[in-house]
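Structure file work18.pdb; described as PDB, C-alpha atoms and all ligand atoms.
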```pdb
ATOM      1  CA  MET A  80       0.000   0.000   0.000
ATOM      2  CA  TYR A  81       2.777   2.455   0.911
ATOM      3  CA  SER A  82       6.048   3.031  -0.935
ATOM      4  CA  PRO A  83       9.409   2.083   0.608
ATOM      5  CA  THR A  84      10.131   5.796   1.111
ATOM      6  CA  VAL A  85       6.866   6.351   2.992
ATOM      7  CA  LEU A  86       7.601   3.333   5.163
ATOM      8  CA  ALA A  87      11.137   4.587   5.864
ATOM      9  CA  HIS A  88       9.799   7.967   7.014
ATOM     10  CA  LEU A  89       7.177   6.274   9.179
ATOM     11  CA  ASP A  90       9.803   4.048  10.707
ATOM     12  CA  GLN A  91      12.114   6.975  11.426
ATOM     13  CA  PRO A  92      10.399  10.350  11.038
ATOM     14  CA  ARG A  93      12.921  13.127  10.345
ATOM     15  CA  ASN A  94      12.781  16.360  12.323
ATOM     16  CA  ALA A  95       9.796  15.399  14.470
ATOM     17  CA  GLY A  96       8.902  17.609  17.408
ATOM     18  CA  ALA A  97       8.432  21.245  18.271
ATOM     19  CA  MET A  98      11.295  23.688  17.707
ATOM     20  CA  GLU A  99      11.796  25.937  20.701
ATOM     21  CA  ASP A 100      13.819  28.568  18.837
ATOM     22  CA  ALA A 101      11.798  28.582  15.610
ATOM     23  CA  VAL A 102      11.458  31.992  13.987
ATOM     24  CA  SER A 103       8.143  31.044  12.463
ATOM     25  CA  ARG A 104       5.467  28.477  12.931
ATOM     26  CA  GLY A 105       2.606  27.459  10.689
ATOM     27  CA  GLU A 106      -0.260  25.085  10.930
ATOM     28  CA  ALA A 107      -2.830  23.501   8.698
ATOM     29  CA  THR A 108      -5.763  21.237   9.244
ATOM     30  CA  ASN A 109      -8.009  19.241   7.009
ATOM     31  CA  PRO A 110     -11.563  19.663   8.281
ATOM     32  CA  VAL A 111     -12.745  16.507   6.523
ATOM     33  CA  CYS A 112     -10.319  13.962   7.967
ATOM     34  CA  GLY A 113      -9.232  16.037  10.978
ATOM     35  CA  ASP A 114      -5.491  15.752  10.386
ATOM     36  CA  LEU A 115      -3.503  18.595  11.947
ATOM     37  CA  LEU A 116       0.065  19.611  11.145
ATOM     38  CA  HIS A 117       2.366  22.170  12.770
ATOM     39  CA  LEU A 118       5.526  23.199  10.938
ATOM     40  CA  TYR A 119       8.432  25.125  12.480
ATOM     41  CA  LEU A 120      11.163  26.994  10.616
ATOM     42  CA  LYS A 121      14.513  28.457  11.530
ATOM     43  CA  ILE A 122      15.908  31.051   9.111
ATOM     44  CA  ASP A 123      19.465  32.285   8.847
ATOM     45  CA  ALA A 124      21.018  34.533   6.193
ATOM     46  CA  GLY A 125      17.871  34.343   4.097
ATOM     47  CA  ARG A 126      17.680  30.536   4.016
ATOM     48  CA  ILE A 127      15.754  27.851   5.867
ATOM     49  CA  VAL A 128      18.394  26.206   8.013
ATOM     50  CA  ALA A 129      16.133  23.896  10.023
ATOM     51  CA  ALA A 130      12.555  22.689   9.997
ATOM     52  CA  SER A 131      10.546  20.418  12.234
ATOM     53  CA  PHE A 132       6.956  19.239  12.560
ATOM     54  CA  GLN A 133       4.324  17.954  14.917
ATOM     55  CA  ALA A 134       1.490  15.957  13.385
ATOM     56  CA  GLN A 135      -1.758  14.544  14.586
ATOM     57  CA  GLY A 136      -2.852  12.542  11.640
ATOM     58  CA  CYS A 137      -2.596   9.578   9.368
ATOM     59  CA  PRO A 138       0.673   7.829   8.410
ATOM     60  CA  PRO A 139       1.024   9.662   5.055
ATOM     61  CA  THR A 140       0.668  13.011   6.811
ATOM     62  CA  ILE A 141       3.599  12.087   9.054
ATOM     63  CA  ALA A 142       5.633  10.850   6.078
ATOM     64  CA  ALA A 143       4.807  13.963   4.020
ATOM     65  CA  ALA A 144       5.820  16.299   6.850
ATOM     66  CA  SER A 145       8.976  14.311   7.500
ATOM     67  CA  VAL A 146      10.153  14.364   3.882
ATOM     68  CA  LEU A 147       9.152  18.009   3.458
ATOM     69  CA  THR A 148      11.333  19.156   6.349
ATOM     70  CA  GLY A 149      14.323  17.686   4.534
ATOM     71  CA  MET A 150      13.313  19.112   1.163
ATOM     72  CA  ILE A 151      13.174  22.697   2.380
ATOM     73  CA  GLU A 152      16.431  22.857   4.307
ATOM     74  CA  GLY A 153      18.790  25.163   2.425
ATOM     75  CA  LEU A 154      16.047  26.779   0.350
ATOM     76  CA  THR A 155      15.193  30.450   0.450
ATOM     77  CA  PRO A 156      11.619  31.195   1.566
ATOM     78  CA  ALA A 157      10.820  32.147  -2.043
ATOM     79  CA  GLN A 158      12.074  28.798  -3.321
ATOM     80  CA  ALA A 159      10.103  26.947  -0.637
ATOM     81  CA  ARG A 160       6.981  28.883  -1.608
ATOM     82  CA  ASN A 161       7.239  27.387  -5.097
ATOM     83  CA  LEU A 162       6.936  23.814  -3.851
ATOM     84  CA  ALA A 163       3.651  22.109  -4.652
ATOM     85  CA  PRO A 164       1.893  19.065  -3.188
ATOM     86  CA  ALA A 165       2.959  17.003  -6.220
ATOM     87  CA  ASP A 166       6.625  17.666  -5.318
ATOM     88  CA  VAL A 167       6.036  16.108  -1.899
ATOM     89  CA  THR A 168       4.173  13.160  -3.402
ATOM     90  CA  ARG A 169       7.073  12.604  -5.829
ATOM     91  CA  ALA A 170       9.568  12.720  -2.971
ATOM     92  CA  LEU A 171       7.565   9.939  -1.314
ATOM     93  CA  GLU A 172       7.561   7.979  -4.622
ATOM     94  CA  TYR A 173       3.774   7.563  -4.603
ATOM     95  CA  LEU A 174       0.745   7.555  -2.341
ATOM     96  CA  PRO A 175      -2.617   5.878  -2.608
ATOM     97  CA  ARG A 176      -4.930   8.243  -4.456
ATOM     98  CA  ASN A 177      -7.131   8.822  -1.452
ATOM     99  CA  LYS A 178      -4.054   9.927   0.543
ATOM    100  CA  GLU A 179      -2.577  12.446  -1.884
ATOM    101  CA  HIS A 180      -4.355  15.238  -0.006
ATOM    102  CA  CYS A 181      -1.947  14.615   2.907
ATOM    103  CA  CYS A 182       0.697  16.344   0.767
ATOM    104  CA  VAL A 183      -1.656  19.287   0.306
ATOM    105  CA  LEU A 184      -1.827  19.525   4.095
ATOM    106  CA  ALA A 185       1.983  19.540   4.303
ATOM    107  CA  ILE A 186       2.264  22.339   1.742
ATOM    108  CA  ASP A 187      -0.521  24.298   3.450
ATOM    109  CA  ALA A 188       1.391  24.102   6.745
ATOM    110  CA  LEU A 189       4.586  25.170   4.962
ATOM    111  CA  ARG A 190       2.890  28.185   3.365
ATOM    112  CA  SER A 191       1.419  29.129   6.738
ATOM    113  CA  ALA A 192       4.895  29.002   8.306
ATOM    114  CA  LEU A 193       6.433  30.954   5.408
ATOM    115  CA  ALA A 194       3.790  33.655   5.813
ATOM    116  CA  ALA A 195       4.740  33.966   9.481
ATOM    117  CA  ILE A 196       8.445  34.668   8.867
ATOM    118  CA  PRO A 197       9.268  38.122  10.259
ATOM    119  CA  ILE A 198       9.576  40.546   7.345
ATOM    120  CA  GLU A 199      13.170  41.487   8.211
ATOM    121  CA  MET A 200      14.215  37.836   7.738
ATOM    122  CA  VAL A 201      12.709  37.308   4.281
TER     123      VAL A 201
HETATM  124 FE1  LIG B   1      -6.395  13.560   5.610
HETATM  125 FE2  LIG B   1      -3.992  12.502   6.037
HETATM  126  S1  LIG B   1      -5.923  11.453   5.892
HETATM  127  S2  LIG B   1      -4.463  14.602   5.725
END
```

Produce structure tokens that represent the structure in this file.
Ligand code: FES
Amino acid sequence: MYSPTVLAHLDQPRNAGAMEDAVSRGEATNPVCGDLLHLYLKIDAGRIVAASFQAQGCPPTIAAASVLTGMIEGLTPAQARNLAPADVTRALEYLPRNKEHCCVLAIDALRSALAAIPIEMV
């Protein structure tokens, strides 16, 4: 049902947990399934230098958040803003069709966190 990459992220989620010294925090929820995702960002010299997440949701939501935190490290906020749900799905190899919206949740949480970056750090 799940790809080897999804299973690897479920087995060992990357960057799980709150980030005490985050400069911005975003969240997104899906009102239909109830999944909730918090995303934390640390910015230095105009780049995302660290990201972490807290998720209350299904396994693909955890895998999507886990892979996304790795994808955005080193990107500028503008580059991260260009990521789309399909990029996250591709990074996970594939997802069952009825779980592809978990990647939308991940991108929604990212965009929420990007919008919360203090203006002097963008
Ligand atoms: Fe809805 Fe995962 S099942 S976001």

Taking the file as shown, find all residues satisfying the PyMOL selection byres (((chain A and resi 130-138) around 6) and not hetatm) and write them as number ranges by chain. A: 94-96, 114-120, 129, 139-141, 148

Run the PyMOL selection byres (((chain A and resi 195) around 8) and not hetatm) against the file shown and list the residues it catches, as a list in words.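 Evaluating the PyMOL selection byres (((chain A and resi 195) around 8) and not hetatm) on these coordinates yields Ser103, Arg104, Gly105, Ser191, Ala192, Leu193, Ala194, Ile196 and Pro197 of chain A.
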
Shell around Ser82 of chain A at 12 Å using only C-alpha atoms, local window under 4 positions removed, as a list in words: Leu86, Ala87, His88, Leu89, Pro138, Pro139, Ala142, Thr168, Arg169, Ala170, Leu171, Glu172, Tyr173, Leu174 and Pro175 of chain A

If you measure from atom CA of Leu189 of chain A to atom CA of Tyr81 of chain A, what distance in Å do you get, rounded to one decimal? 23.1 Å

Step by step, work through what the PyMOL selection byres (((chain A and resi 185) around 8) and not hetatm) selects in the shown file, and finish by giving those residues as a VMD selection string. chain A and resid 107 116 140 143 to 144 147 164 181 to 184 186 to 189

How many Å separate atom CA of Gln91 of chain A from atom CA of Ala124 of chain A? 29.4 Å

Report the distance between atom CA of Asp90 of chain A and atom S2 of ligand LIG 1 (chain B) in Å, rounded to one decimal place.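 So the two atoms, atom CA of Asp90 of chain A and atom S2 of ligand LIG 1 (chain B), lie 18.4 Å apart.
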
Nearest-residue call for ligand LIG 1 (chain B), choices A:Val111, A:Met200, A:Val85, A:Leu154, using all atoms listed in the file: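 Using all atoms listed in the file, the shortest distance to ligand LIG 1 (chain B) belongs to A:Val111.
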
Set up a box along x, y and z of the file covering all listed atoms of segment 97-114 of chain A, add 8 Å on every one of the six sides, and write the centre and edge lengths in Å to one decimal, as lines of an AutoDock Vina configuration file.
```
center_x = 0.5
center_y = 23.0
center_z = 13.6
size_x = 42.6
size_y = 34.0
size_z = 30.2
```

Residues within 10 Å of (8.8, 41.1, -1.2), file coords, all atoms listed in the file, listed as an mmCIF file with C-alpha atoms, in the frame of the given file:
```cif
data_model
loop_
_atom_site.group_PDB
_atom_site.id
_atom_site.type_symbol
_atom_site.label_atom_id
_atom_site.label_comp_id
_atom_site.auth_asym_id
_atom_site.auth_seq_id
_atom_site.Cartn_x
_atom_site.Cartn_y
_atom_site.Cartn_z
ATOM 1 C CA ALA A 157 10.820 32.147 -2.043
ATOM 2 C CA ILE A 198 9.576 40.546 7.345
ATOM 3 C CA VAL A 201 12.709 37.308 4.281
#
```

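Distance annotation: of A:Cys112, A:Met150, A:Ile122, A:Ala159, the residue with the minimal separation from ligand LIG 1 (chain B) is A:Cys112; atom set is all atoms listed in the file.
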
Option closest in space to ligand LIG 1 (chain B), from A:Pro110, A:Val167, A:Pro83, A:Val128 [counting all atoms listed in the file]: A:Pro110

Tell me which of A:Ser145, A:Asn109, A:Thr155, A:Asn161 sits closest to ligand LIG 1 (chain B), counting only C-alpha atoms and all ligand atoms. A:Asn109

Selected residue, from A:Val146, A:Ile127, A:Ala165, A:Gly113, that lies nearest to ligand LIG 1 (chain B) when counting all atoms listed in the file: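 Looking at the shortest contact to ligand LIG 1 (chain B), the residue is A:Gly113.
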
With only C-alpha atoms and all ligand atoms as the basis for distance, which of A:Glu179, A:Glu106, A:Asp123, A:Asp166 is at the shortest distance from ligand LIG 1 (chain B)?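 Using only C-alpha atoms and all ligand atoms, ligand LIG 1 (chain B) sits closest to A:Glu179.
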
As an mmCIF file, keeping the file's coordinate frame, the rebuilt segment 91-102 of chain A with all heavy atoms:
```
data_model
loop_
_atom_site.group_PDB
_atom_site.id
_atom_site.type_symbol
_atom_site.label_atom_id
_atom_site.label_comp_id
_atom_site.auth_asym_id
_atom_site.auth_seq_id
_atom_site.Cartn_x
_atom_site.Cartn_y
_atom_site.Cartn_z
ATOM 1 N N GLN A 91 11.227 6.005 10.788
ATOM 2 C CA GLN A 91 12.114 6.975 11.426
ATOM 3 C C GLN A 91 11.780 8.364 10.921
ATOM 4 O O GLN A 91 12.447 8.883 10.014
ATOM 5 C CB GLN A 91 13.583 6.661 11.107
ATOM 6 C CG GLN A 91 14.124 5.465 11.852
ATOM 7 C CD GLN A 91 15.622 5.358 11.701
ATOM 8 O OE1 GLN A 91 16.146 5.333 10.587
ATOM 9 N NE2 GLN A 91 16.319 5.299 12.811
ATOM 10 N N PRO A 92 10.743 8.991 11.486
ATOM 11 C CA PRO A 92 10.399 10.350 11.038
ATOM 12 C C PRO A 92 11.568 11.304 11.267
ATOM 13 O O PRO A 92 12.227 11.272 12.310
ATOM 14 C CB PRO A 92 9.209 10.718 11.919
ATOM 15 C CG PRO A 92 8.651 9.410 12.381
ATOM 16 C CD PRO A 92 9.828 8.488 12.507
ATOM 17 N N ARG A 93 11.839 12.132 10.231
ATOM 18 C CA ARG A 93 12.921 13.127 10.345
ATOM 19 C C ARG A 93 12.352 14.413 10.939
ATOM 20 O O ARG A 93 11.269 14.848 10.568
ATOM 21 C CB ARG A 93 13.481 13.489 8.991
ATOM 22 C CG ARG A 93 14.066 12.483 8.002
ATOM 23 C CD ARG A 93 14.307 11.084 8.396
ATOM 24 N NE ARG A 93 14.764 10.307 7.219
ATOM 25 C CZ ARG A 93 14.248 9.142 6.861
ATOM 26 N NH1 ARG A 93 13.271 8.574 7.549
ATOM 27 N NH2 ARG A 93 14.729 8.500 5.810
ATOM 28 N N ASN A 94 13.105 15.014 11.830
ATOM 29 C CA ASN A 94 12.781 16.360 12.323
ATOM 30 C C ASN A 94 11.410 16.434 12.995
ATOM 31 O O ASN A 94 10.667 17.393 12.814
ATOM 32 C CB ASN A 94 12.866 17.378 11.172
ATOM 33 C CG ASN A 94 14.203 17.332 10.468
ATOM 34 O OD1 ASN A 94 15.239 17.427 11.104
ATOM 35 N ND2 ASN A 94 14.195 17.140 9.157
ATOM 36 N N ALA A 95 11.077 15.403 13.759
ATOM 37 C CA ALA A 95 9.796 15.399 14.470
ATOM 38 C C ALA A 95 9.944 16.154 15.782
ATOM 39 O O ALA A 95 10.974 16.068 16.456
ATOM 40 C CB ALA A 95 9.339 13.970 14.735
ATOM 41 N N GLY A 96 8.922 16.908 16.126
ATOM 42 C CA GLY A 96 8.902 17.609 17.408
ATOM 43 C C GLY A 96 8.887 19.112 17.232
ATOM 44 O O GLY A 96 9.216 19.638 16.163
ATOM 45 N N ALA A 97 8.474 19.785 18.291
ATOM 46 C CA ALA A 97 8.432 21.245 18.271
ATOM 47 C C ALA A 97 9.849 21.798 18.242
ATOM 48 O O ALA A 97 10.802 21.126 18.658
ATOM 49 C CB ALA A 97 7.698 21.762 19.491
ATOM 50 N N MET A 98 9.991 23.018 17.743
ATOM 51 C CA MET A 98 11.295 23.688 17.707
ATOM 52 C C MET A 98 11.199 24.919 18.601
ATOM 53 O O MET A 98 10.486 25.869 18.287
ATOM 54 C CB MET A 98 11.630 24.083 16.267
ATOM 55 C CG MET A 98 13.005 24.683 16.106
ATOM 56 S SD MET A 98 13.256 25.295 14.421
ATOM 57 C CE MET A 98 13.310 23.776 13.476
ATOM 58 N N GLU A 99 11.910 24.861 19.702
ATOM 59 C CA GLU A 99 11.796 25.937 20.701
ATOM 60 C C GLU A 99 12.224 27.292 20.145
ATOM 61 O O GLU A 99 11.634 28.317 20.462
ATOM 62 C CB GLU A 99 12.621 25.596 21.945
ATOM 63 C CG GLU A 99 12.115 24.398 22.735
ATOM 64 C CD GLU A 99 10.666 24.528 23.142
ATOM 65 O OE1 GLU A 99 10.247 25.637 23.547
ATOM 66 O OE2 GLU A 99 9.932 23.522 23.054
ATOM 67 N N ASP A 100 13.286 27.299 19.323
ATOM 68 C CA ASP A 100 13.819 28.568 18.837
ATOM 69 C C ASP A 100 13.424 28.855 17.385
ATOM 70 O O ASP A 100 14.146 29.547 16.663
ATOM 71 C CB ASP A 100 15.339 28.613 19.004
ATOM 72 C CG ASP A 100 16.024 27.435 18.320
ATOM 73 O OD1 ASP A 100 15.313 26.489 17.925
ATOM 74 O OD2 ASP A 100 17.255 27.460 18.179
ATOM 75 N N ALA A 101 12.281 28.312 16.968
ATOM 76 C CA ALA A 101 11.798 28.582 15.610
ATOM 77 C C ALA A 101 11.531 30.076 15.453
ATOM 78 O O ALA A 101 11.099 30.742 16.394
ATOM 79 C CB ALA A 101 10.519 27.800 15.347
ATOM 80 N N VAL A 102 11.792 30.594 14.246
ATOM 81 C CA VAL A 102 11.458 31.992 13.987
ATOM 82 C C VAL A 102 10.057 32.119 13.403
ATOM 83 O O VAL A 102 9.498 33.206 13.366
ATOM 84 C CB VAL A 102 12.467 32.707 13.062
ATOM 85 C CG1 VAL A 102 13.851 32.699 13.664
ATOM 86 C CG2 VAL A 102 12.474 32.095 11.675
#
```
